[in-house]
Amino acid sequence: MQNKSDVETLESFLEKYLSLKSEIAKIIVGQDEVVKNILITIFSNGHALLIGVPGLAKTLMINTIAKCLGLNYSRIQFTPDLMPSDIVGSEILDEDRHFRFIKGPVFANIVLADEINRTPPKTQSALLEAMQEKAVTVAGKNFKLDEPFFVLATQNPIEQEGTYPLPEAQLDRFMFNIWLDYPSFEQEINIVKATTSNFNPKVEVVLSANEILTYQEVIRKIPVPDNVYQYAINLASITRPATKLSHPWANNFISWGAGPRASQYLIIGAKCSAALNGKFSPDIEDVKNVAHLVLRHRLVKNYKAEAEGISTDSIINEFIK
């Protein structure tokens, strides 16, 4: 069982989370589920892929979350002519004829990679090295990134001409794939009222970088019952076609299933989900809460699923049953 100070830290984590939510809600109307999932990713020390049509306030949301967390934030607009050095930085010759490294925008706590699929693979991989290693290599020298470090990449699901889809191995680096939907009618009325007047709310800083690192550490310490481990690993295993444990839907509709990283993220996501619900240990329900977010970008549908119009989410629903 966790020691007393860990339990107290988890209790304070829940309080901080609730005040974080109310600060973010001053600017972001609705999208509670999306905000919660982004925060789960941050506290689980992962990265997230945000998918939504333009105009759903993705950039504003990330900016607001960064302000409330007291973290520095940078935004990189991915374009076909973006170079790796535009992300990680480059060496310049200074007036004393010495090479000096100028840090790129990846040296921030929260990096928004806007429309990551609009840039060629060479540039995408510069960011993905930083995500994996929490460091970048320039001219043979290794530079550590600031902690906490969190990448939020956005993709526009429409308009796929001129894009470079992320390969499966790179998608696997993202803990969650978060879908943004249109706001409800009532929410849209509130959004339009707030954004077409001179109403200009200010958000307060709720957390510091050190507190985030403490919470990340305590969440990792949360004990998990064996049946929850078994459920999570079984859920990842049944997605793999032509294996001993594969589900009939995996054999019918999937050409490639989720790897071991999915099992890891199901457990760490379930731990954080449990903590946000005031529990000191996750149960199977917590794994189900994060299953779509973890599996959605890790399953590759085959032509049969495409032809029959079966969505990845409906396949995951079948697995959860």
# chains A, B, ... in the order shown; residues from 1 in each chain; ligands from 1
$ residues_around --residues "region 63-73 of chain A" --least-positions-apart "5" --cutoff "7 Å" --atoms "only C-alpha atoms" --output "ChimeraX atom specification"
/A:20,24,108-111,203-209
$ residues_around --residues "Ile254 (chain A)" --least-positions-apart "4" --cutoff "8 Å" --atoms "only C-alpha atoms" --output "list in words"
Thr239, Arg240, Pro241, Trp249, Ala250, Leu299, Val300, Lys301, Asn302 and Ala305 of chain A
$ write_last_selection --atoms "N, CA and C atoms" --output "mmCIF file, in the first residue's frame"
data_model
loop_
_atom_site.group_PDB
_atom_site.id
_atom_site.type_symbol
_atom_site.label_atom_id
_atom_site.label_comp_id
_atom_site.auth_asym_id
_atom_site.auth_seq_id
_atom_site.Cartn_x
_atom_site.Cartn_y
_atom_site.Cartn_z
ATOM 1 N N THR A 239 -6.466 -7.540 -30.068
ATOM 2 C CA THR A 239 -6.507 -6.690 -31.276
ATOM 3 C C THR A 239 -5.545 -7.189 -32.350
ATOM 4 N N ARG A 240 -4.707 -8.175 -32.006
ATOM 5 C CA ARG A 240 -3.656 -8.606 -32.949
ATOM 6 C C ARG A 240 -4.156 -9.780 -33.793
ATOM 7 N N PRO A 241 -4.373 -9.541 -35.092
ATOM 8 C CA PRO A 241 -4.913 -10.619 -35.932
ATOM 9 C C PRO A 241 -3.942 -11.796 -36.071
ATOM 10 N N TRP A 249 -13.171 -10.266 -34.631
ATOM 11 C CA TRP A 249 -13.205 -8.982 -35.363
ATOM 12 C C TRP A 249 -11.801 -8.535 -35.769
ATOM 13 N N ALA A 250 -10.798 -8.915 -34.972
ATOM 14 C CA ALA A 250 -9.416 -8.562 -35.327
ATOM 15 C C ALA A 250 -9.023 -9.316 -36.598
ATOM 16 N N LEU A 299 -4.587 0.720 -34.280
ATOM 17 C CA LEU A 299 -5.184 -0.363 -35.057
ATOM 18 C C LEU A 299 -5.223 0.054 -36.521
ATOM 19 N N VAL A 300 -4.738 -0.809 -37.388
ATOM 20 C CA VAL A 300 -4.778 -0.515 -38.828
ATOM 21 C C VAL A 300 -5.872 -1.376 -39.438
ATOM 22 N N LYS A 301 -6.922 -0.720 -39.927
ATOM 23 C CA LYS A 301 -8.045 -1.474 -40.520
ATOM 24 C C LYS A 301 -7.642 -2.049 -41.872
ATOM 25 N N ASN A 302 -8.247 -3.196 -42.229
ATOM 26 C CA ASN A 302 -7.968 -3.753 -43.556
ATOM 27 C C ASN A 302 -9.010 -3.254 -44.572
ATOM 28 N N ALA A 305 -12.794 -3.788 -43.732
ATOM 29 C CA ALA A 305 -13.399 -2.834 -42.785
ATOM 30 C C ALA A 305 -13.694 -1.523 -43.503
#
$ closest_residue --among "A:Phe174, A:Phe107, A:Phe78, A:Phe143" --to "Leu293 (chain A)" --atoms "only C-alpha atoms"
A:Phe174
$ closest_residue --among "A:Pro54, A:Pro183, A:Pro201, A:Gly46" --to "Gln132 (chain A)" --atoms "only C-alpha atoms"
A:Gly46
$ atom_distance --atom1 "CA of Arg298 (chain A)" --atom2 "CA of Asn234 (chain A)"
15.3 Å
$ residues_around --residues "region 188-191 of chain A" --least-positions-apart "3" --cutoff "12 Å" --atoms "only C-alpha atoms" --output "ChimeraX atom specification"
/A:25-31,55-57,181-185,194-197,199
$ write_last_selection --atoms "N, CA and C atoms" --output "PDB file, in the first residue's frame"
ATOM      1  N   ALA A  25     -12.053  26.474 -17.698  1.00  0.00           N
ATOM      2  CA  ALA A  25     -13.438  26.714 -18.139  1.00  0.00           C
ATOM      3  C   ALA A  25     -13.765  28.204 -18.276  1.00  0.00           C
ATOM      4  N   LYS A  26     -12.919  29.077 -17.674  1.00  0.00           N
ATOM      5  CA  LYS A  26     -13.141  30.524 -17.849  1.00  0.00           C
ATOM      6  C   LYS A  26     -13.012  30.906 -19.319  1.00  0.00           C
ATOM      7  N   ILE A  27     -12.147  30.189 -20.045  1.00  0.00           N
ATOM      8  CA  ILE A  27     -11.877  30.536 -21.445  1.00  0.00           C
ATOM      9  C   ILE A  27     -12.440  29.492 -22.410  1.00  0.00           C
ATOM     10  N   ILE A  28     -12.326  28.219 -22.061  1.00  0.00           N
ATOM     11  CA  ILE A  28     -12.776  27.150 -22.962  1.00  0.00           C
ATOM     12  C   ILE A  28     -14.180  26.700 -22.544  1.00  0.00           C
ATOM     13  N   VAL A  29     -15.134  26.891 -23.446  1.00  0.00           N
ATOM     14  CA  VAL A  29     -16.523  26.503 -23.157  1.00  0.00           C
ATOM     15  C   VAL A  29     -16.731  25.057 -23.595  1.00  0.00           C
ATOM     16  N   GLY A  30     -17.286  24.225 -22.702  1.00  0.00           N
ATOM     17  CA  GLY A  30     -17.512  22.810 -23.057  1.00  0.00           C
ATOM     18  C   GLY A  30     -16.172  22.096 -23.191  1.00  0.00           C
ATOM     19  N   GLN A  31     -16.129  21.080 -24.050  1.00  0.00           N
ATOM     20  CA  GLN A  31     -14.903  20.291 -24.305  1.00  0.00           C
ATOM     21  C   GLN A  31     -14.296  19.744 -23.009  1.00  0.00           C
ATOM     22  N   GLY A  55     -11.062  25.469 -36.310  1.00  0.00           N
ATOM     23  CA  GLY A  55     -12.008  26.353 -35.634  1.00  0.00           C
ATOM     24  C   GLY A  55     -12.602  25.805 -34.351  1.00  0.00           C
ATOM     25  N   LEU A  56     -12.035  24.685 -33.830  1.00  0.00           N
ATOM     26  CA  LEU A  56     -12.571  24.134 -32.578  1.00  0.00           C
ATOM     27  C   LEU A  56     -11.729  24.559 -31.372  1.00  0.00           C
ATOM     28  N   ALA A  57     -10.932  25.616 -31.546  1.00  0.00           N
ATOM     29  CA  ALA A  57     -10.137  26.211 -30.442  1.00  0.00           C
ATOM     30  C   ALA A  57      -9.075  25.274 -29.889  1.00  0.00           C
ATOM     31  N   ASP A 181     -14.969  17.148 -31.055  1.00  0.00           N
ATOM     32  CA  ASP A 181     -16.225  17.222 -31.784  1.00  0.00           C
ATOM     33  C   ASP A 181     -16.745  18.646 -31.784  1.00  0.00           C
ATOM     34  N   TYR A 182     -17.745  18.903 -32.647  1.00  0.00           N
ATOM     35  CA  TYR A 182     -18.375  20.218 -32.642  1.00  0.00           C
ATOM     36  C   TYR A 182     -19.041  20.463 -31.288  1.00  0.00           C
ATOM     37  N   PRO A 183     -19.104  21.737 -30.837  1.00  0.00           N
ATOM     38  CA  PRO A 183     -19.806  22.010 -29.576  1.00  0.00           C
ATOM     39  C   PRO A 183     -21.310  21.817 -29.740  1.00  0.00           C
ATOM     40  N   SER A 184     -22.012  21.630 -28.606  1.00  0.00           N
ATOM     41  CA  SER A 184     -23.471  21.520 -28.671  1.00  0.00           C
ATOM     42  C   SER A 184     -24.054  22.901 -28.992  1.00  0.00           C
ATOM     43  N   PHE A 185     -25.335  22.947 -29.309  1.00  0.00           N
ATOM     44  CA  PHE A 185     -25.993  24.204 -29.684  1.00  0.00           C
ATOM     45  C   PHE A 185     -25.844  25.240 -28.558  1.00  0.00           C
ATOM     46  N   ALA A 194     -19.251  34.948 -25.774  1.00  0.00           N
ATOM     47  CA  ALA A 194     -17.989  35.297 -25.111  1.00  0.00           C
ATOM     48  C   ALA A 194     -16.959  35.875 -26.075  1.00  0.00           C
ATOM     49  N   THR A 195     -16.970  35.388 -27.328  1.00  0.00           N
ATOM     50  CA  THR A 195     -15.894  35.774 -28.249  1.00  0.00           C
ATOM     51  C   THR A 195     -16.245  36.966 -29.131  1.00  0.00           C
ATOM     52  N   THR A 196     -17.491  37.428 -29.074  1.00  0.00           N
ATOM     53  CA  THR A 196     -17.851  38.570 -29.930  1.00  0.00           C
ATOM     54  C   THR A 196     -18.121  39.815 -29.084  1.00  0.00           C
ATOM     55  N   SER A 197     -17.711  39.768 -27.806  1.00  0.00           N
ATOM     56  CA  SER A 197     -17.845  40.954 -26.948  1.00  0.00           C
ATOM     57  C   SER A 197     -16.441  41.314 -26.455  1.00  0.00           C
ATOM     58  N   PHE A 199     -15.376  40.852 -23.533  1.00  0.00           N
ATOM     59  CA  PHE A 199     -15.134  40.007 -22.350  1.00  0.00           C
ATOM     60  C   PHE A 199     -13.757  39.371 -22.479  1.00  0.00           C
TER      61      PHE A 199
END
$ atom_distance --atom1 "CA of Asp6 (chain A)" --atom2 "CA of Thr214 (chain A)"
9.9 Å
$ residues_around --residues "Leu14 (chain A)" --least-positions-apart "3" --cutoff "9 Å" --atoms "only C-alpha atoms" --output "PyMOL selection string"
chain A and resi 9-11+17-19+275-278
$ write_last_selection --atoms "N, CA and C atoms" --output "PDB file, in the first residue's frame"
ATOM      1  N   THR A   9      -0.617  13.306  -1.210  1.00  0.00           N
ATOM      2  CA  THR A   9      -0.286  13.921  -2.503  1.00  0.00           C
ATOM      3  C   THR A   9      -1.402  13.664  -3.512  1.00  0.00           C
ATOM      4  N   LEU A  10      -1.922  12.421  -3.510  1.00  0.00           N
ATOM      5  CA  LEU A  10      -3.014  12.100  -4.435  1.00  0.00           C
ATOM      6  C   LEU A  10      -4.273  12.906  -4.110  1.00  0.00           C
ATOM      7  N   GLU A  11      -4.522  13.128  -2.819  1.00  0.00           N
ATOM      8  CA  GLU A  11      -5.685  13.934  -2.430  1.00  0.00           C
ATOM      9  C   GLU A  11      -5.515  15.378  -2.892  1.00  0.00           C
ATOM     10  N   TYR A  17      -6.588  19.430  -9.568  1.00  0.00           N
ATOM     11  CA  TYR A  17      -7.238  19.119 -10.851  1.00  0.00           C
ATOM     12  C   TYR A  17      -8.570  19.864 -10.967  1.00  0.00           C
ATOM     13  N   LEU A  18      -9.346  19.874  -9.886  1.00  0.00           N
ATOM     14  CA  LEU A  18     -10.654  20.538  -9.920  1.00  0.00           C
ATOM     15  C   LEU A  18     -10.494  22.051 -10.095  1.00  0.00           C
ATOM     16  N   SER A  19      -9.483  22.644  -9.423  1.00  0.00           N
ATOM     17  CA  SER A  19      -9.297  24.087  -9.628  1.00  0.00           C
ATOM     18  C   SER A  19      -8.727  24.382 -11.020  1.00  0.00           C
ATOM     19  N   ALA A 275      -7.011   8.230 -10.182  1.00  0.00           N
ATOM     20  CA  ALA A 275      -6.647   9.334  -9.276  1.00  0.00           C
ATOM     21  C   ALA A 275      -7.597  10.518  -9.449  1.00  0.00           C
ATOM     22  N   LEU A 276      -7.991  10.793 -10.693  1.00  0.00           N
ATOM     23  CA  LEU A 276      -8.906  11.918 -10.952  1.00  0.00           C
ATOM     24  C   LEU A 276     -10.318  11.624 -10.457  1.00  0.00           C
ATOM     25  N   ASN A 277     -10.615  10.338 -10.250  1.00  0.00           N
ATOM     26  CA  ASN A 277     -11.933   9.977  -9.706  1.00  0.00           C
ATOM     27  C   ASN A 277     -11.873   9.735  -8.200  1.00  0.00           C
ATOM     28  N   GLY A 278     -10.748  10.131  -7.587  1.00  0.00           N
ATOM     29  CA  GLY A 278     -10.626  10.014  -6.130  1.00  0.00           C
ATOM     30  C   GLY A 278     -10.360   8.611  -5.631  1.00  0.00           C
TER      31      GLY A 278
END
$ closest_residue --among "A:Val287, A:Leu245, A:Ala48, A:Ala258" --to "Tyr231 (chain A)" --atoms "only C-alpha atoms"
A:Val287
$ residues_around --residues "Lys321 (chain A)" --least-positions-apart "3" --cutoff "12 Å" --atoms "only C-alpha atoms" --output "JSON, numbers by chain"
{"A": [231, 235, 238, 247, 249, 288, 291, 314, 315, 316, 317, 318]}
$ select_by_dssp --residues "region 17-155 of chain A" --states "strand (DSSP E)" --output "VMD selection string"
chain A and resid 48 to 51 73 to 77 89 to 93 99 to 103 110 to 114 135 to 138 141 to 144 150 to 155
$ residues_around --residues "Gly52 (chain A)" --least-positions-apart "2" --cutoff "7 Å" --atoms "only C-alpha atoms" --output "PyMOL selection string"
chain A and resi 50+54+155-157+179-181
$ atom_distance --atom1 "CA of Phe253 (chain A)" --atom2 "CA of Glu306 (chain A)"
8.4 Å
$ select_by_dssp --residues "region 50-279 of chain A" --states "alpha helix (DSSP H)" --output "PyMOL selection string"
chain A and resi 58-68+85-88+121-133+168-171+185-195+209-221+226-237+248-253+260-276
$ residues_around --residues "Asp313 (chain A)" --least-positions-apart "5" --cutoff "9 Å" --atoms "only C-alpha atoms" --output "list of chain:residue names"
A:His292, A:Leu295, A:Arg296, A:Glu318
$ closest_residue --among "A:Glu129, A:Glu23, A:Glu115, A:Glu168" --to "Thr154 (chain A)" --atoms "only C-alpha atoms"
A:Glu115
$ closest_residue --among "A:Arg75, A:Lys193, A:Lys271, A:Lys36" --to "Leu152 (chain A)" --atoms "only C-alpha atoms"
A:Arg75
